[in-house]
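Colleague: I'd like to ask some things about the structure below.
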Amino acid sequence: MIYTKTDLAGAFIIDVQKIEDDRGFFAYGFDAEEARGHGVDLKIVQAKISFNHAKGTVRGMHWQAAPALEAKLIRCTRGAIHDVIVDVRPGSATYGKHIAVDLSAENRRSLYVPPLFAHGYQTLVDATEVTYQVNTPYAPGTERGLRHDDPALGIVWPMTVTLMSPKDRKWPAFDGRGY
């Protein structure tokens, strides 16, 4: 696997290393020991699937606060997404900053999202499926979120938002006070 550091400390873009032959290829999608060598200690306790009917759908920007801090490994297994994470770690040198990466079934790229990073994505094509491997179960009382279109964050989504849940539309603006 190829780990690429991002501008946000602790977050990685992970590409597979293909072992190819006449049949196709084989690759590791995750290796806990190799991940720990990069400072990623992800004990997976749940695997989740998100299916999205229409391109332009936005899900996010979500994270879980203490005591249920959540790290995620995100991969698009069908279609394509524009994935965005925002650093909401109090005291972080990159607090309030974000990165974006396109994940697709074709590029087989993953994004490691550390705890206390808001996460969201926009589907780039119809019938897109995304998998999440997480280190802690969903805990509704710890769920937090930010507005996907907050000018303070400066996130540029690649297309007009076509669908979004009412809950995601109601998240507060980023105010820099910490979470």
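Ligands are numbered from 1 in the order shown, residues from 1 within each chain, and chains are lettered A, B, ... in the order they appear in the structure tokens.
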Taking only residues of segment 65-126 of chain A that have an atom at most 6 Å from an atom of segment 40-58 of chain A, what is each one's shortest atom pair and its distance in Å to one decimal, using only C-alpha atoms, in chain and number order, as a Markdown table?
Modeller:
| residue | atom | partner | partner_atom | distance |
| --- | --- | --- | --- | --- |
| A:Tyr121 | CA | A:Val58 | CA | 5.6 |
| A:Gln122 | CA | A:Val58 | CA | 4.4 |
| A:Thr123 | CA | A:Lys55 | CA | 4.9 |
| A:Leu124 | CA | A:Lys55 | CA | 5.1 |
| A:Val125 | CA | A:Lys55 | CA | 4.3 |
| A:Asp126 | CA | A:Ala54 | CA | 4.4 |
Colleague: Keeping only C-alpha atoms, write the selected residues as a compact mmCIF listing (two decimals), in the first residue's frame.
Modeller:
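Written out: result_23.txt:
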# COMPACT_ATOMS: atom_id res chain seq x y z
CA TYR A 121 -18.53 13.84 0.28
CA GLN A 122 -20.38 14.62 -2.92
CA THR A 123 -21.25 11.91 -5.43
CA LEU A 124 -19.87 12.56 -8.90
CA VAL A 125 -21.99 9.96 -10.72
CA ASP A 126 -25.32 8.21 -10.21
Colleague: Can you list, as a PyMOL selection string, all residues belonging to chain A that DSSP tags as alpha helix (DSSP H)?
Modeller: chain A and resi 32-36+166-169
Colleague: Restricting it to N, CA and C atoms, dump the selection as a compact mmCIF listing (two decimals), in the first residue's frame.
Modeller:
# COMPACT_ATOMS: atom_id res chain seq x y z
N ALA A 32 -3.26 -3.75 9.09
CA ALA A 32 -3.14 -3.06 10.38
C ALA A 32 -1.68 -2.82 10.78
N GLU A 33 -0.82 -3.80 10.55
CA GLU A 33 0.58 -3.63 10.93
C GLU A 33 1.26 -2.54 10.10
N GLU A 34 1.02 -2.56 8.80
CA GLU A 34 1.59 -1.53 7.94
C GLU A 34 1.04 -0.15 8.31
N ALA A 35 -0.26 -0.09 8.61
CA ALA A 35 -0.88 1.18 9.01
C ALA A 35 -0.23 1.73 10.27
N ARG A 36 -0.01 0.88 11.26
CA ARG A 36 0.64 1.33 12.51
C ARG A 36 2.02 1.93 12.23
N PRO A 166 -32.23 16.61 5.50
CA PRO A 166 -32.59 17.80 6.29
C PRO A 166 -31.66 17.99 7.49
N LYS A 167 -31.23 16.91 8.10
CA LYS A 167 -30.31 16.99 9.24
C LYS A 167 -28.99 17.64 8.83
N ASP A 168 -28.44 17.21 7.67
CA ASP A 168 -27.17 17.78 7.22
C ASP A 168 -27.31 19.25 6.84
N ARG A 169 -28.47 19.66 6.36
CA ARG A 169 -28.68 21.07 6.02
C ARG A 169 -28.74 21.97 7.25
Colleague: Please return as a VMD selection string: the residues of chain A that backbone DSSP assigns to strand (DSSP E).
Modeller: chain A and resid 2 to 5 12 to 15 19 to 21 24 to 26 46 to 52 58 to 64 72 to 78 80 to 87 98 to 104 110 to 113 117 to 123 128 to 134 143 to 145
Colleague: For Glu106 of chain A, list every protein, DNA or RNA residue within 9 Å, evaluated using only C-alpha atoms, and leave out those in the same chain fewer than 6 positions away; present the list as JSON, numbers by chain.
Modeller: {"A": [76, 77, 78, 79, 80]}
Colleague: Env of Leu8 of chain A: 10 Å cut, atoms = only C-alpha atoms, seq-sep filter 6 positions within chain, self excluded. Answer as a list in words.
Modeller: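 Neighbouring residues, sequence-local ones excluded: Ile85, Val86, Asp87, Ser92, Ala93, Thr94, Tyr95, Lys97, His98, Ile99, Val113, Pro114 and Phe117 of chain A.
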Colleague: Keeping only N, CA and C atoms, write the selected residues to a file as a CSV table (one decimal), in the first residue's frame.
Modeller:
chain,number,residue,atom,x,y,z
A,85,ILE,N,-12.4,16.4,4.1
A,85,ILE,CA,-12.2,16.3,5.6
A,85,ILE,C,-11.8,17.7,6.1
A,86,VAL,N,-12.3,18.1,7.3
A,86,VAL,CA,-11.9,19.3,7.9
A,86,VAL,C,-11.4,19.0,9.3
A,87,ASP,N,-10.2,19.6,9.6
A,87,ASP,CA,-9.6,19.4,10.9
A,87,ASP,C,-10.4,20.2,12.0
A,92,SER,N,-5.0,22.3,17.1
A,92,SER,CA,-4.2,21.8,15.9
A,92,SER,C,-3.7,22.9,15.1
A,93,ALA,N,-2.5,22.8,14.5
A,93,ALA,CA,-1.9,23.8,13.7
A,93,ALA,C,-2.8,24.0,12.4
A,94,THR,N,-3.6,23.0,12.0
A,94,THR,CA,-4.4,23.0,10.8
A,94,THR,C,-5.9,23.1,11.1
A,95,TYR,N,-6.2,23.5,12.3
A,95,TYR,CA,-7.6,23.6,12.8
A,95,TYR,C,-8.4,24.5,11.8
A,97,LYS,N,-8.9,23.9,8.7
A,97,LYS,CA,-8.4,23.7,7.3
A,97,LYS,C,-9.0,22.4,6.8
A,98,HIS,N,-9.0,22.3,5.4
A,98,HIS,CA,-9.6,21.0,4.8
A,98,HIS,C,-8.7,20.6,3.7
A,99,ILE,N,-8.9,19.3,3.3
A,99,ILE,CA,-8.4,18.8,2.1
A,99,ILE,C,-9.5,18.0,1.4
A,113,VAL,N,-9.3,9.0,7.8
A,113,VAL,CA,-9.9,10.1,8.4
A,113,VAL,C,-9.6,9.9,9.9
A,114,PRO,N,-8.7,10.7,10.5
A,114,PRO,CA,-8.5,10.6,12.0
A,114,PRO,C,-9.6,11.1,12.8
A,117,PHE,N,-12.0,14.9,12.9
A,117,PHE,CA,-12.0,15.4,11.5
A,117,PHE,C,-13.5,15.3,11.0
Colleague: Any idea what's packed within 12 Å of Gly141 of chain A, counting only C-alpha atoms, ignoring anything in its chain fewer than 5 positions away? Could you give it as an MDAnalysis selection string?
Modeller: chainID A and resid 63:69
Colleague: For the selection you just gave me, I'd like the residues written to a file as a short mmCIF file (atom, residue, chain, number, x, y, z; two decimals), in the first residue's frame, keeping N, CA and C atoms.
Modeller:
data_model
loop_
_atom_site.label_atom_id
_atom_site.label_comp_id
_atom_site.auth_asym_id
_atom_site.auth_seq_id
_atom_site.Cartn_x
_atom_site.Cartn_y
_atom_site.Cartn_z
N TRP A 63 -18.69 14.15 12.33
CA TRP A 63 -17.69 13.47 13.16
C TRP A 63 -18.34 13.12 14.48
N GLN A 64 -17.64 12.31 15.28
CA GLN A 64 -18.10 11.96 16.62
C GLN A 64 -17.14 12.54 17.63
N ALA A 65 -17.69 13.13 18.69
CA ALA A 65 -16.91 13.72 19.77
C ALA A 65 -16.69 12.69 20.87
N ALA A 66 -15.87 13.04 21.86
CA ALA A 66 -15.62 12.17 23.01
C ALA A 66 -16.94 11.91 23.73
N PRO A 67 -17.14 10.74 24.26
CA PRO A 67 -16.14 9.67 24.43
C PRO A 67 -16.10 8.67 23.29
N ALA A 68 -16.73 8.96 22.17
CA ALA A 68 -16.81 8.00 21.06
C ALA A 68 -16.05 8.52 19.83
N LEU A 69 -14.83 8.98 20.04
CA LEU A 69 -14.03 9.49 18.92
C LEU A 69 -13.92 8.43 17.84
#
Colleague: Restricting the calculation to only C-alpha atoms, which member of A:Val101, A:Asp150, A:Ile2, A:Gly145 is positioned closest to Asp31 of chain A?
Modeller: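 Answer, going by the shortest atom-to-atom distance: A:Ile2.
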Colleague: If we count only C-alpha atoms and set the cut-off at 12 Å, which residues sit around Ile19 of chain A, ignoring sequence neighbours fewer than 6 positions away in its own chain? Please answer as a compact mmCIF listing (two decimals) with C-alpha atoms, in the first residue's frame.
Modeller:
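The file below, part-v4.txt, is the result:
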# COMPACT_ATOMS: atom_id res chain seq x y z
CA MET A 1 0.00 0.00 0.00
CA PHE A 25 -4.63 -8.09 -9.95
CA PHE A 26 -4.47 -8.66 -6.21
CA ALA A 27 -3.89 -5.95 -3.61
CA TYR A 28 -4.27 -5.26 0.07
Colleague: Find, counting only C-alpha atoms, the residue in A:Ile74, A:Val134, A:Val84, A:Ile155 that gets nearest to Ser110 of chain A.
Modeller: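 Closest candidate: A:Ile74.
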Colleague: Restricting the calculation to only C-alpha atoms: of A:Leu153, A:Ala118, A:Ile13, A:Leu103, which residue gets closest to Thr131 of chain A?
Modeller: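 Checking each candidate against Thr131 of chain A, we get A:Leu103 as the closest.
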Colleague: Would you compute the distance between atom CA of Leu73 of chain A and atom CA of Val130 of chain A? Give it in Å to one decimal.
Modeller: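 Atom CA of Val130 of chain A lies 10.4 Å from atom CA of Leu73 of chain A.
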Colleague: Calculate how many Å separate atom CA of Tyr3 of chain A from atom CA of Asp15 of chain A, rounding to one decimal.
Modeller: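 It comes out at 6.7 Å.
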